[in-house]
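query_4.txt follows; it contains compact mmCIF, C-alpha atoms and all ligand atoms.
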```
# COMPACT_ATOMS: atom_id res chain seq x y z
CA MET R 1 27.88 -44.71 22.51
CA ILE R 2 27.00 -42.05 25.07
CA GLU R 3 23.75 -42.11 26.99
CA ALA R 4 22.63 -38.66 27.99
CA GLY R 5 19.34 -37.71 29.50
CA ALA R 6 17.37 -34.55 29.89
CA LEU R 7 18.73 -31.61 31.87
CA THR R 8 16.47 -29.30 33.84
CA HIS R 9 18.06 -25.89 34.17
CA ILE R 10 16.59 -23.52 36.76
CA TRP R 11 17.71 -19.90 36.81
CA LEU R 12 17.29 -18.60 40.33
CA GLY R 13 17.93 -14.93 39.59
CA GLU R 14 18.15 -13.16 42.94
CA SER R 15 15.96 -15.64 44.79
CA ARG R 16 17.28 -17.76 47.64
CA PRO R 17 14.87 -20.68 48.08
CA ASP R 18 15.24 -22.57 51.34
CA SER R 19 17.15 -25.82 51.28
CA ALA R 20 14.12 -27.98 52.18
CA SER R 21 12.20 -26.62 49.17
CA LEU R 22 15.12 -27.29 46.85
CA ALA R 23 15.54 -30.82 48.22
CA ASN R 24 11.83 -31.45 47.73
CA LEU R 25 12.00 -30.22 44.12
CA VAL R 26 15.05 -32.35 43.32
CA GLN R 27 13.41 -35.46 44.80
CA LYS R 28 10.23 -34.88 42.78
CA ILE R 29 12.20 -34.34 39.56
CA PHE R 30 14.15 -37.58 39.93
CA ARG R 31 11.17 -39.63 41.16
CA ASN R 32 8.62 -38.38 38.63
CA THR R 33 10.58 -37.60 35.45
CA LEU R 34 13.34 -39.04 33.28
CA ASN R 35 15.67 -36.13 34.04
CA ASP R 36 19.27 -37.14 34.63
CA GLN R 37 20.55 -33.72 35.70
CA VAL R 38 19.30 -30.62 37.50
CA ALA R 39 21.28 -27.37 37.45
CA PHE R 40 20.51 -24.34 39.63
CA SER R 41 22.00 -21.06 38.44
CA PRO R 42 21.79 -17.79 40.37
CA GLU R 43 22.51 -14.46 38.67
CA PHE R 44 24.67 -11.58 39.93
CA THR R 45 25.31 -7.88 39.39
CA SER R 46 28.91 -6.68 39.66
CA CYS R 47 29.43 -2.96 40.36
CA ASN R 48 32.40 -1.25 38.71
CA ALA R 49 32.04 1.78 41.04
CA CYS R 50 32.04 0.20 44.53
CA ALA R 51 33.37 -3.26 43.54
CA ARG R 52 30.56 -5.11 45.32
CA THR R 53 28.60 -8.03 43.92
CA SER R 54 24.90 -8.53 44.58
CA ARG R 55 22.53 -11.39 43.90
CA GLY R 56 20.26 -10.84 40.85
CA LEU R 57 20.49 -8.77 37.68
CA PHE R 58 20.00 -5.04 38.17
CA ALA R 59 20.46 -1.91 36.02
CA GLU R 60 21.73 -0.06 39.11
CA CYS R 61 23.95 -1.24 41.97
CA PRO R 62 21.74 -2.04 45.00
CA TYR R 63 24.52 -0.78 47.29
CA CYS R 64 25.65 2.55 45.78
CA GLY R 65 23.12 3.24 42.99
CA SER R 66 25.77 3.39 40.26
CA GLU R 67 24.71 2.43 36.75
CA GLU R 68 28.25 1.22 36.03
CA VAL R 69 27.28 -2.41 36.55
CA ASP R 70 27.65 -5.66 34.69
CA GLY R 71 25.46 -8.73 34.99
CA ILE R 72 26.93 -12.18 35.54
CA THR R 73 24.84 -15.17 34.58
CA ARG R 74 25.17 -18.58 33.05
CA ILE R 75 24.82 -19.36 29.38
CA THR R 76 25.94 -22.39 27.37
CA GLY R 77 27.18 -24.05 30.54
CA TYR R 78 29.34 -21.38 32.15
CA PHE R 79 29.10 -18.04 33.96
CA THR R 80 30.23 -14.91 32.11
CA LYS R 81 29.73 -11.15 32.21
CA ILE R 82 26.79 -10.07 30.07
CA SER R 83 28.79 -7.20 28.53
CA SER R 84 30.81 -9.79 26.60
CA TRP R 85 27.75 -11.39 25.02
CA ASN R 86 26.75 -11.20 21.38
CA LYS R 87 23.26 -10.25 20.15
CA GLY R 88 22.06 -13.87 20.08
CA LYS R 89 23.02 -14.57 23.68
CA LEU R 90 21.44 -11.30 24.80
CA GLY R 91 18.24 -12.36 23.04
CA GLU R 92 18.22 -15.62 24.99
CA LEU R 93 18.67 -13.74 28.26
CA HIS R 94 15.74 -11.45 27.53
CA ASP R 95 13.56 -14.42 26.52
CA ARG R 96 14.08 -16.27 29.82
CA TYR R 97 10.88 -16.68 31.75
CA ARG R 98 10.96 -14.93 35.11
CA SER R 99 8.31 -15.76 37.66
CA ARG R 100 9.00 -12.54 39.54
CA ARG R 101 10.07 -9.24 38.06
CA GLY R 102 12.98 -8.23 40.25
CA SER R 103 15.27 -7.68 37.32
CA ALA R 104 15.69 -4.47 35.40
CA LEU R 105 17.64 -6.11 32.56
ZN ZN X 1 28.04 -0.12 43.69
```
Spit out the file's structure as structure tokens when you get a sec.
Amino acid sequence: MIEAGALTHIWLGESRPDSASLANLVQKIFRNTLNDQVAFSPEFTSCNACARTSRGLFAECPYCGSEEVDGITRITGYFTKISSWNKGKLGELHDRYRSRRGSAL
């Protein structure tokens, strides 16, 4: 009844690829694969001390150095704070492949 194709989900972490590179990737995915959807998901760190939000997941706030931070990332289709996650979701987060180690979580 419902036709659904493959979804490619790309976690960007703190990276900010340029728009031409992203456009090139999307064109290659749709021209060369059977993917029907591509989702790009950045990750964030929210600081409870200085109330600033930074791109990427960090154990300390990049602005003030506080360890009173919470990560915000996407899981099962929506963005949530990591502190609300159960053990299974935390396991998935730690198992995500990261091409560059900028994250302390
Ligand atoms: Zn801070």
Each residue of chain R lying at most 10 Å from ligand ZN 1 (chain X) should get a row with its shortest atom-to-atom pair and the distance in Å to one decimal, counting only C-alpha atoms and all ligand atoms; could you produce that, ordered by chain and increasing number, as a tab-separated table?
```
residue	atom	partner	partner_atom	distance
R:Thr45	CA	X:ZN1	ZN	9.3
R:Ser46	CA	X:ZN1	ZN	7.7
R:Cys47	CA	X:ZN1	ZN	4.6
R:Asn48	CA	X:ZN1	ZN	6.7
R:Ala49	CA	X:ZN1	ZN	5.2
R:Cys50	CA	X:ZN1	ZN	4.1
R:Ala51	CA	X:ZN1	ZN	6.2
R:Arg52	CA	X:ZN1	ZN	5.8
R:Thr53	CA	X:ZN1	ZN	7.9
R:Ser54	CA	X:ZN1	ZN	9.0
R:Glu60	CA	X:ZN1	ZN	7.8
R:Cys61	CA	X:ZN1	ZN	4.6
R:Pro62	CA	X:ZN1	ZN	6.7
R:Tyr63	CA	X:ZN1	ZN	5.1
R:Cys64	CA	X:ZN1	ZN	4.1
R:Gly65	CA	X:ZN1	ZN	6.0
R:Ser66	CA	X:ZN1	ZN	5.4
R:Glu67	CA	X:ZN1	ZN	8.1
R:Glu68	CA	X:ZN1	ZN	7.8
R:Val69	CA	X:ZN1	ZN	7.5
```
Within 7 Å of region 10-13 of chain R using only C-alpha atoms, minus same-chain residues under 4 positions, as a list in words: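 What passes the distance filter is Ala39, Phe40, Ser41, Pro42, Glu43, Gly56 and Leu57 of chain R.
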I'd like to know which of R:Arg96, R:Arg16, R:Gln27, R:Asp36 is closest to Arg74 (chain R), using all atoms listed in the file.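 Selected residue with least distance to Arg74 (chain R): R:Arg96.
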Shell of 7 Å around Ala6 (chain R), only C-alpha atoms, local chain residues under 3 positions omitted, as a PyMOL selection string: chain R and resi 34-37
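Across the model, the gap from CA of His94 (chain R) to CA of Gly77 (chain R) is 17.3 Å.
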When distances are computed from all atoms listed in the file, which of R:Thr73, R:Asn86, R:Gly91, R:Gly5 shows the smallest separation from Thr33 (chain R)?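 Closest to Thr33 (chain R) of all the choices is R:Gly5.
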